[in-house]
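Structure file start_5.txt; described as compact mmCIF, C-alpha atoms and all ligand atoms.
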# COMPACT_ATOMS: atom_id res chain seq x y z
CA MET A 85 -56.13 8.47 -30.59
CA LYS A 86 -53.28 9.79 -28.49
CA ASN A 87 -51.04 9.84 -31.57
CA ILE A 88 -53.58 11.84 -33.49
CA PHE A 89 -53.77 14.33 -30.65
CA VAL A 90 -49.98 14.70 -30.52
CA PHE A 91 -49.87 15.07 -34.29
CA ALA A 92 -52.57 17.76 -34.23
CA LEU A 93 -50.84 19.55 -31.36
CA SER A 94 -47.53 19.52 -33.20
CA ILE A 95 -49.16 21.05 -36.27
CA VAL A 96 -50.65 23.82 -34.11
CA LEU A 97 -47.33 24.46 -32.36
CA CYS A 98 -45.41 24.35 -35.59
CA SER A 99 -47.71 26.78 -37.29
CA ILE A 100 -47.33 29.16 -34.33
CA THR A 101 -43.55 28.90 -34.13
CA GLY A 102 -42.88 28.48 -37.82
CA TYR A 103 -40.78 25.34 -37.27
CA ALA A 104 -43.07 23.21 -39.38
CA LYS A 105 -41.01 24.14 -42.40
CA GLU A 106 -39.06 21.35 -43.95
CA PRO A 107 -35.53 22.35 -44.90
CA VAL A 108 -35.40 23.52 -48.50
CA LYS A 109 -33.61 21.23 -50.94
CA VAL A 110 -30.78 22.94 -52.79
CA LEU A 111 -28.08 21.68 -55.13
CA ILE A 112 -24.44 22.76 -55.36
CA VAL A 113 -23.07 22.25 -58.86
CA THR A 114 -19.30 21.93 -58.89
CA GLY A 115 -16.43 19.74 -60.09
CA GLN A 116 -14.37 22.08 -62.28
CA SER A 117 -13.00 25.53 -61.60
CA ASN A 118 -9.91 27.69 -61.77
CA HIS A 119 -10.48 27.83 -58.00
CA ASN A 120 -10.24 25.28 -55.19
CA TRP A 121 -13.73 23.88 -55.71
CA GLU A 122 -12.94 20.83 -53.54
CA ALA A 123 -12.69 23.21 -50.59
CA SER A 124 -15.31 25.82 -51.49
CA SER A 125 -18.11 23.38 -52.32
CA VAL A 126 -17.70 21.60 -48.99
CA ILE A 127 -17.62 24.90 -47.09
CA LEU A 128 -20.79 26.11 -48.83
CA GLN A 129 -22.53 22.78 -48.20
CA LYS A 130 -21.62 22.96 -44.51
CA TYR A 131 -23.04 26.50 -44.16
CA LEU A 132 -26.25 25.48 -45.91
CA ASN A 133 -26.83 22.33 -43.88
CA GLU A 134 -25.83 23.87 -40.55
CA SER A 135 -28.28 26.74 -41.06
CA GLY A 136 -31.10 24.24 -40.60
CA LEU A 137 -32.92 25.98 -43.45
CA PHE A 138 -31.52 23.88 -46.26
CA VAL A 139 -30.48 20.39 -47.22
CA ALA A 140 -27.70 20.73 -49.77
CA ASP A 141 -26.82 18.01 -52.24
CA MET A 142 -23.75 18.15 -54.44
CA ALA A 143 -23.53 17.45 -58.18
CA VAL A 144 -19.86 16.95 -59.05
CA SER A 145 -19.05 17.01 -62.74
CA PRO A 146 -16.43 14.83 -64.43
CA LYS A 147 -12.93 16.28 -64.46
CA LYS A 148 -11.70 18.63 -67.19
CA SER A 149 -11.69 17.02 -70.67
CA GLU A 150 -13.43 13.86 -69.40
CA ASP A 151 -16.66 12.62 -70.93
CA MET A 152 -19.41 14.99 -69.76
CA SER A 153 -22.32 13.27 -71.52
CA LYS A 154 -23.70 11.64 -68.37
CA PHE A 155 -23.54 14.81 -66.27
CA GLN A 156 -27.25 15.51 -66.00
CA PRO A 157 -28.23 16.80 -62.55
CA ASP A 158 -31.96 16.76 -61.82
CA PHE A 159 -32.27 20.53 -61.32
CA SER A 160 -36.06 20.27 -61.08
CA ALA A 161 -35.79 18.41 -57.74
CA TYR A 162 -34.39 21.55 -56.09
CA LYS A 163 -35.55 25.03 -55.11
CA ALA A 164 -32.15 26.58 -55.71
CA VAL A 165 -29.04 25.64 -57.66
CA ILE A 166 -25.77 27.07 -56.38
CA LEU A 167 -23.18 27.39 -59.12
CA ASP A 168 -19.62 26.78 -57.94
CA TYR A 169 -18.52 25.76 -61.42
CA ASN A 170 -16.23 27.22 -64.06
CA GLY A 171 -15.18 24.63 -66.59
CA ASP A 172 -16.04 22.52 -69.62
CA SER A 173 -19.40 22.93 -71.34
CA TRP A 174 -22.24 20.79 -70.07
CA PRO A 175 -24.08 18.47 -72.47
CA ALA A 176 -26.82 20.17 -74.51
CA ALA A 177 -29.50 18.27 -72.56
CA THR A 178 -28.14 19.62 -69.28
CA ASN A 179 -28.04 23.16 -70.64
CA SER A 180 -31.67 22.98 -71.72
CA ALA A 181 -32.74 21.33 -68.46
CA PHE A 182 -31.05 24.17 -66.58
CA LEU A 183 -32.76 26.85 -68.68
CA GLN A 184 -36.12 25.14 -68.29
CA TYR A 185 -35.58 24.96 -64.53
CA VAL A 186 -34.88 28.71 -64.31
CA GLU A 187 -37.66 29.58 -66.75
CA LYS A 188 -40.18 27.78 -64.53
CA GLY A 189 -39.09 29.63 -61.39
CA GLY A 190 -36.04 27.77 -60.09
CA GLY A 191 -33.62 29.76 -57.97
CA VAL A 192 -29.97 30.22 -58.92
CA VAL A 193 -27.00 31.43 -56.90
CA VAL A 194 -24.00 32.57 -58.92
CA TYR A 195 -21.00 32.24 -56.63
CA HIS A 196 -17.70 34.05 -57.37
CA ALA A 197 -15.99 32.45 -60.42
CA ALA A 198 -19.25 30.96 -61.71
CA ASP A 199 -19.57 34.34 -63.45
CA ASN A 200 -16.47 33.45 -65.47
CA ALA A 201 -18.10 30.33 -66.91
CA PHE A 202 -19.75 29.68 -70.26
CA SER A 203 -18.89 33.02 -71.88
CA ARG A 204 -20.38 31.96 -75.24
CA TRP A 205 -23.70 30.70 -73.79
CA LYS A 206 -26.11 33.56 -74.41
CA GLU A 207 -28.80 32.57 -71.91
CA TYR A 208 -26.25 31.85 -69.22
CA ASN A 209 -24.93 35.39 -69.59
CA GLU A 210 -28.49 36.70 -69.25
CA ILE A 211 -28.97 34.64 -66.09
CA ILE A 212 -25.76 35.79 -64.40
CA GLY A 213 -26.36 39.41 -65.52
CA LEU A 214 -22.67 40.29 -65.55
CA GLY A 215 -19.62 38.16 -66.19
CA GLY A 216 -15.92 38.36 -66.80
CA TRP A 217 -12.92 36.74 -68.46
CA GLU A 218 -13.09 33.93 -71.07
CA GLY A 219 -13.02 36.48 -73.91
CA ARG A 220 -15.83 38.68 -72.65
CA ASN A 221 -15.73 42.22 -74.05
CA GLU A 222 -18.00 44.99 -75.39
CA LYS A 223 -19.91 42.44 -77.50
CA ASP A 224 -21.27 40.95 -74.26
CA GLY A 225 -22.79 44.16 -72.92
CA PRO A 226 -21.87 47.28 -71.00
CA TYR A 227 -19.68 47.68 -67.94
CA VAL A 228 -22.02 48.31 -65.01
CA TYR A 229 -20.88 50.13 -61.88
CA PHE A 230 -21.82 52.97 -59.54
CA ARG A 231 -20.63 56.56 -59.77
CA ASP A 232 -21.76 59.32 -57.41
CA GLY A 233 -24.32 56.97 -55.93
CA LYS A 234 -25.94 56.14 -59.27
CA GLU A 235 -25.75 53.10 -61.52
CA VAL A 236 -23.77 53.64 -64.73
CA ARG A 237 -23.91 51.52 -67.88
CA ASP A 238 -20.79 52.13 -69.87
CA ASP A 239 -20.33 50.87 -73.45
CA THR A 240 -16.62 51.71 -73.63
CA PRO A 241 -14.86 48.88 -75.51
CA GLY A 242 -12.52 46.66 -73.52
CA ARG A 243 -12.06 43.43 -71.68
CA GLY A 244 -14.68 42.12 -69.32
CA GLY A 245 -13.39 41.06 -65.91
CA SER A 246 -10.27 41.69 -63.90
CA HIS A 247 -9.24 42.20 -60.32
CA GLY A 248 -6.44 43.79 -58.36
CA LYS A 249 -4.57 42.17 -55.51
CA GLN A 250 -6.51 40.59 -52.68
CA HIS A 251 -7.33 42.89 -49.80
CA GLU A 252 -10.00 43.80 -47.26
CA TYR A 253 -12.59 46.13 -48.73
CA VAL A 254 -15.71 48.05 -47.89
CA VAL A 255 -19.04 46.79 -49.20
CA THR A 256 -21.81 49.40 -49.48
CA VAL A 257 -25.51 48.55 -49.68
CA ARG A 258 -27.26 50.26 -52.62
CA ASP A 259 -30.71 48.73 -52.14
CA LYS A 260 -31.75 48.67 -48.49
CA LYS A 261 -35.26 47.39 -49.20
CA HIS A 262 -34.49 44.11 -50.90
CA PRO A 263 -35.11 41.06 -48.65
CA ILE A 264 -31.45 40.03 -48.96
CA THR A 265 -30.01 43.36 -47.81
CA LYS A 266 -32.81 44.59 -45.53
CA GLY A 267 -31.45 45.11 -42.02
CA LEU A 268 -27.77 44.88 -42.99
CA PRO A 269 -25.47 47.75 -42.00
CA ALA A 270 -25.23 50.50 -44.66
CA SER A 271 -21.64 49.42 -45.24
CA TRP A 272 -19.13 47.06 -43.69
CA THR A 273 -15.57 45.82 -44.16
CA HIS A 274 -15.29 42.46 -45.90
CA ALA A 275 -12.34 40.14 -45.16
CA ARG A 276 -9.42 39.74 -47.58
CA ASP A 277 -10.81 38.71 -50.96
CA GLU A 278 -10.60 39.39 -54.67
CA LEU A 279 -12.66 42.35 -55.83
CA TYR A 280 -13.92 41.63 -59.32
CA ASP A 281 -14.03 44.70 -61.55
CA ARG A 282 -14.87 45.57 -65.17
CA LEU A 283 -17.59 42.91 -65.28
CA ARG A 284 -19.82 43.25 -68.31
CA GLY A 285 -22.91 41.55 -69.60
CA PRO A 286 -26.48 42.05 -70.76
CA ALA A 287 -27.44 43.13 -67.19
CA ARG A 288 -31.15 42.94 -68.06
CA ASN A 289 -33.65 42.75 -65.18
CA MET A 290 -30.71 43.16 -62.85
CA THR A 291 -30.57 45.12 -59.59
CA ILE A 292 -27.30 45.87 -57.85
CA LEU A 293 -27.84 45.34 -54.12
CA ALA A 294 -24.33 46.26 -52.97
CA THR A 295 -21.10 47.59 -54.43
CA ALA A 296 -17.46 47.57 -53.35
CA PHE A 297 -15.01 50.37 -53.99
CA SER A 298 -12.23 49.15 -56.26
CA ASP A 299 -9.27 51.28 -55.24
CA GLU A 300 -6.66 52.02 -57.90
CA SER A 301 -3.97 51.64 -55.23
CA THR A 302 -4.78 47.90 -55.09
CA GLY A 303 -4.87 47.54 -58.88
CA GLY A 304 -8.58 48.30 -59.19
CA THR A 305 -10.66 50.64 -61.35
CA GLY A 306 -11.39 53.53 -59.00
CA ARG A 307 -15.08 52.63 -59.37
CA ASP A 308 -17.76 51.25 -57.08
CA GLU A 309 -18.05 47.80 -58.60
CA PRO A 310 -21.09 45.50 -58.25
CA ALA A 311 -20.63 42.99 -55.41
CA LEU A 312 -24.13 41.58 -54.78
CA MET A 313 -26.80 41.51 -57.47
CA VAL A 314 -30.18 40.00 -58.22
CA VAL A 315 -31.48 39.12 -61.67
CA SER A 316 -34.79 37.76 -62.86
CA TRP A 317 -34.96 35.43 -65.85
CA GLY A 318 -38.22 33.76 -66.81
CA LYS A 319 -39.87 33.09 -63.48
CA GLY A 320 -36.51 32.37 -61.87
CA ARG A 321 -34.78 34.42 -59.19
CA ILE A 322 -31.00 34.73 -59.38
CA PHE A 323 -28.64 35.94 -56.66
CA HIS A 324 -25.10 36.75 -57.79
CA THR A 325 -22.25 37.31 -55.33
CA ILE A 326 -18.76 38.18 -56.50
CA LEU A 327 -17.46 37.52 -52.98
CA GLY A 328 -15.78 34.35 -51.78
CA HIS A 329 -12.43 33.60 -53.45
CA VAL A 330 -11.12 30.19 -52.36
CA GLY A 331 -7.64 29.32 -53.54
CA ASN A 332 -5.10 26.68 -52.57
CA GLU A 333 -4.01 28.39 -49.35
CA ALA A 334 -4.95 26.76 -46.05
CA GLU A 335 -6.97 29.80 -44.97
CA HIS A 336 -10.09 31.03 -46.74
CA PRO A 337 -10.95 34.35 -45.07
CA ALA A 338 -13.17 35.44 -47.97
CA VAL A 339 -15.72 32.72 -47.20
CA GLU A 340 -15.09 32.34 -43.48
CA CYS A 341 -16.07 35.90 -42.50
CA PRO A 342 -19.60 36.40 -41.14
CA ASP A 343 -20.64 38.83 -43.90
CA PHE A 344 -19.96 36.27 -46.62
CA ILE A 345 -21.86 33.55 -44.77
CA VAL A 346 -24.82 35.81 -43.97
CA THR A 347 -25.20 37.34 -47.43
CA PHE A 348 -24.75 33.93 -49.06
CA LEU A 349 -27.39 32.20 -46.91
CA ARG A 350 -29.81 35.12 -47.31
CA GLY A 351 -29.25 35.05 -51.07
CA VAL A 352 -29.86 31.30 -51.25
CA GLU A 353 -33.08 31.61 -49.24
CA TRP A 354 -34.34 34.45 -51.42
CA ALA A 355 -33.47 32.62 -54.65
CA ALA A 356 -35.20 29.47 -53.38
CA THR A 357 -38.31 31.00 -51.81
CA GLY A 358 -38.55 34.72 -52.61
CA LYS A 359 -38.29 35.54 -48.90
CA VAL A 360 -35.61 35.93 -46.26
CA THR A 361 -36.52 34.79 -42.75
CA GLN A 362 -33.00 34.98 -41.27
CA LYS A 363 -32.09 37.63 -38.71
CA VAL A 364 -28.83 39.53 -39.15
CA PRO A 365 -26.53 38.09 -36.45
CA ASP A 366 -24.77 40.33 -33.94
CA ASP A 367 -21.32 39.34 -35.23
CA PHE A 368 -22.05 40.88 -38.63
CA PRO A 369 -19.27 43.43 -39.24
CA GLY A 370 -20.36 47.00 -38.68
CA LYS A 371 -23.53 46.02 -36.87
ZN ZN B 401 -11.17 34.09 -57.19
Let me see the structure of the file written as C-alpha cells.
Ligand code: ZN
Amino acid sequence: MKNIFVFALSIVLCSITGYAKEPVKVLIVTGQSNHNWEASSVILQKYLNESGLFVADMAVSPKKSEDMSKFQPDFSAYKAVILDYNGDSWPAATNSAFLQYVEKGGGVVVYHAADNAFSRWKEYNEIIGLGGWEGRNEKDGPYVYFRDGKEVRDDTPGRGGSHGKQHEYVVTVRDKKHPITKGLPASWTHARDELYDRLRGPARNMTILATAFSDESTGGTGRDEPALMVVSWGKGRIFHTILGHVGNEAEHPAVECPDFIVTFLRGVEWAATGKVTQKVPDDFPGK
C-alpha cells in the first residue's frame, strides 16, 4: 500500500516538475570520416549523455574498404540519428532502413562533414538539404546563401563545397521563431572553426536558421553562408549544422565552445521530439 502511495505521489510530482521524462534514445553513426571521428563521436556522446535529456548509443561502422555488409544499425529504436560519418557506402538494406526511418518521422542530425557524404545518393542529398565536395556541382542543385538579409538560390555552375582557413566567425540568426534558435542572441562569435561555403543541393523543404559571414580575407566567398538549417523529409525532422570541425590537433575549440554545444543539443532535441525544452545558458556568447 505504501509503495503504491509513493508511486502515485512520484507520478504527481513528476508531472508537475516535468522530470518524469525518460531520457530520449539517440544514436550516433560514425566509424569513417576525413575528420577525427574517434574524438568527435565521443565528445558528442558525452554532451548528449551529460545533458540528462538523452541516452546516446554509438554505431561504429567497419573501417574504410572493409566488409560493410553487416553494418545494419537499428535506426527504428531511436528518436534521432546523429550522423558523424563520411565514408564508404552503406549496404542497400541499411540505406533503405535509414530512409524508412526518416520517412516515418525519425529525427536526423547532420553534423559537419556528414554533409560531404554519399554525394550520389539522391535521397540522402534531399535529407541533408545542402552538401559539398565529393563531386557535387550544379547538377546537385543551387548554391543557397543570404544576401542583403534575404535567401538567394543561385544556379551558377561550379563546385559544391569549400572553405577558407579556420578562424573565429560571427553567426547570425535568420529565423528567431524556430524552437532551436528561439531565445538565442541575434548574433554571436563562434570559436575557431571551418566555415563551409558554396554548399549546394536540392534544398527542398529547407529553412536556414542561421548564417555565418564568409569573409574573402579568410579565403571565403564574401557571402552569408548557411550555418544552421532544418529540413523536413517525409515525416522526419532534420537539423543540419556545419559547425564543429574536429581534426587531429589536441584542442577542438569548434566543438568545445558553448554555442556549438547549445545549438547541437537544441537541434538534437528538436529533431527527436519537435520541441526544445532547454534554456539558453548564461555562458552563451553574446548573451
Ligand atoms: Zn572539417
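Considering all atoms listed in the file, the residue among A:Asp299, A:Asp366, A:Asp308, A:Asp199 positioned nearest to ligand ZN 401 (chain B) is A:Asp199.
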Within 12 Å of ligand ZN 401 (chain B) (counting only C-alpha atoms and all ligand atoms), which residues show up? I'd like them as a VMD selection string. chain A and resid 117 to 121 124 168 to 170 195 to 200 216 to 217 245 to 250 276 to 281 325 to 332 336 338 to 339
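Candidate residues A:Ala334, A:Ala296, A:Val186, A:Ala287 were compared for distance to Val314 of chain A, and the nearest is A:Ala287, using all atoms listed in the file.
Summary of the local environment: counting only C-alpha atoms, residues at most 9 Å from segment 257-272 of chain A, other than itself and those fewer than 2 positions away along its chain, are Gly233, Lys234, Tyr253, Val254, Val255, His274, Thr291, Ile292, Leu293, Ala294, Thr295, Ala296, Leu312, Asp343, Thr347, Arg350, Gly351, Glu353, Trp354, Gly358, Lys359, Val360, Thr361, Lys363, Val364, Phe368, Pro369, Gly370 and Lys371 of chain A.
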Tell me, as a list of chain:residue names, which residues lie within 12 Å of Ser145 of chain A, counting only C-alpha atoms; anything in the same chain fewer than 4 positions away does not count. A:Ile112, A:Val113, A:Thr114, A:Gly115, A:Gln116, A:Ser117, A:Trp121, A:Glu122, A:Ser149, A:Glu150, A:Asp151, A:Met152, A:Ser153, A:Lys154, A:Phe155, A:Gln156, A:Pro157, A:Leu167, A:Asp168, A:Tyr169, A:Asn170, A:Gly171, A:Asp172, A:Ser173, A:Trp174, A:Pro175, A:Thr178
Taking only C-alpha atoms into account, which of A:Glu335, A:Glu218, A:Glu187, A:Glu340 comes nearest Ser160 of chain A? A:Glu187
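Restricting the calculation to all atoms listed in the file, the smallest distance between Gly318 of chain A and any of A:Ser203, A:Gln362, A:Asn289, A:Ser298 is found for A:Asn289.
Among the candidates A:Ala201, A:Leu137, A:Val144, A:Ile166, the residue lying nearest to Leu111 of chain A is A:Ile166 (atoms considered: only C-alpha atoms).
Taking atom CA of Arg231 of chain A as the reference point, atom CA of Val192 of chain A is found at 28.0 Å.
Shortest atom-to-atom contact with Gln129 of chain A among A:Pro342, A:Trp205, A:Phe348, A:Ala356: A:Phe348, counting only C-alpha atoms.
Across the model, the gap from atom CA of Ala140 of chain A to atom CA of Ala275 of chain A is 25.2 Å.
Here atom CA of Glu222 of chain A and atom CA of Asp239 of chain A stand 6.6 Å from one another.
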Mind checking which residues fall within 6 Å of His324 of chain A, counting all atoms listed in the file, ignoring those fewer than 6 positions away in the same chain, and posting them as a short mmCIF file (atom, residue, chain, number, x, y, z; two decimals) with C-alpha atoms, in the coordinates of the input?
data_model
loop_
_atom_site.label_atom_id
_atom_site.label_comp_id
_atom_site.auth_asym_id
_atom_site.auth_seq_id
_atom_site.Cartn_x
_atom_site.Cartn_y
_atom_site.Cartn_z
CA VAL A 193 -27.00 31.43 -56.90
CA VAL A 194 -24.00 32.57 -58.92
CA LEU A 312 -24.13 41.58 -54.78
CA MET A 313 -26.80 41.51 -57.47
#
Could you pull the residues within 8 Å of Pro226 of chain A, counting all atoms listed in the file, minus those fewer than 5 positions along the same chain, as number ranges by chain? A: 237-240, 284-287
